[in-house]
Amino acid sequence: AMGPKHVGPNALLCGLEGFSQTCDWIPESLLRPEPRAADETEYATRVREIEGSIVTGFQLATQAGPLCEEPIEGVAFVIEDISFSGTTEEVAASIMINGPWSGQVISAVKDGCRAALLEGPRRLVEAVFACDVQTSSDQLGKAYGVLARRRATIIEERMKEGTDIFVIEAKLPVVESFGIVDELRKQTSGAAQCQLVMAGGELMDSD
């Protein structure tokens, strides 16, 4: 399964022996569900009955990660084992697609995925703007000062042909962008113009 929302950049992999995923959450145009084997074991049948709850728990975990309750990116979770306690009759009676046990499975898988993520290295990603600043040559230093105070990363500096206008291209964290246009105008006496365009996210230097 992919997540969150069944199309995200995270994967849920099944490492259970003798169990074939139905892949109901993947469009048939990409992968057709495998037919159920005639000699499917009782264990595989029980796992299949809670498969939907497992996938739902994975979706919830990737939608809100353990660090800042933000979506997770680029993580694969592998289910290595599922065990049932109790007699065959007790397990069969407790496993109901819409029963209360289904919600417990969802909660357990969600918490398990979040705990597994915390066991390995993880980093935070912050949203950034592509920042385009245009200013005259005599105000260039002041424009750089504003960008430096706001943790901007300079990508390129160039001069407009036939003019004394410099163009600074930088990456600016979204959280640092509030009020930057007014500050640039104030510090450069109105000589600087700024344009911001969403440019995805980048790893934070420290988290």
# chains A, B, ... in the order shown; residues from 1 in each chain; ligands from 1
>>> residues_around(residues="A:Glu73", least_positions_apart="5", cutoff="10 Å", atoms="only C-alpha atoms", output="list in words")
Gly3, Pro4, Gly8, Pro9, Asn10, Ala11, Thr62, Gln63, Gly65, Leu124 and Val125 of chain A
>>> select_by_dssp(residues="stretch 75-180 of chain A", states="strand (DSSP E or B)", output="count of residues only")
32
>>> closest_residue(among="A:Val75, A:Ile106, A:Cys113, A:Cys131", to="A:Ala61", atoms="only C-alpha atoms")
A:Cys113
>>> closest_residue(among="A:Glu169, A:Glu156, A:Glu119, A:Glu202", to="A:Val133", atoms="only C-alpha atoms")
A:Glu169
>>> closest_residue(among="A:Asp81, A:Thr56, A:Arg46, A:Ser177", to="A:Glu17", atoms="only C-alpha atoms")
A:Asp81
>>> atom_distance(atom1="atom CA of A:Gly200", atom2="atom CA of A:Arg149")
21.1 Å
>>> atom_distance(atom1="atom CA of A:Val47", atom2="atom CA of A:Glu70")
29.4 Å
>>> atom_distance(atom1="atom CA of A:Ala127", atom2="atom CA of A:Leu172")
8.7 Å
>>> residues_around(residues="A:Ser53", least_positions_apart="6", cutoff="10 Å", atoms="only C-alpha atoms", output="ChimeraX atom specification")
/A:59,97-98,101-110
>>> closest_residue(among="A:Ala76, A:Ala170, A:Ile50, A:Val197", to="A:Gly120", atoms="only C-alpha atoms")
A:Ala76
>>> closest_residue(among="A:Ile168, A:Ile54, A:Ile82, A:Val146", to="A:Thr188", atoms="only C-alpha atoms")
A:Val146
>>> closest_residue(among="A:Pro66, A:Gly179, A:Gly201, A:Pro71", to="A:Lys5", atoms="only C-alpha atoms")
A:Pro71
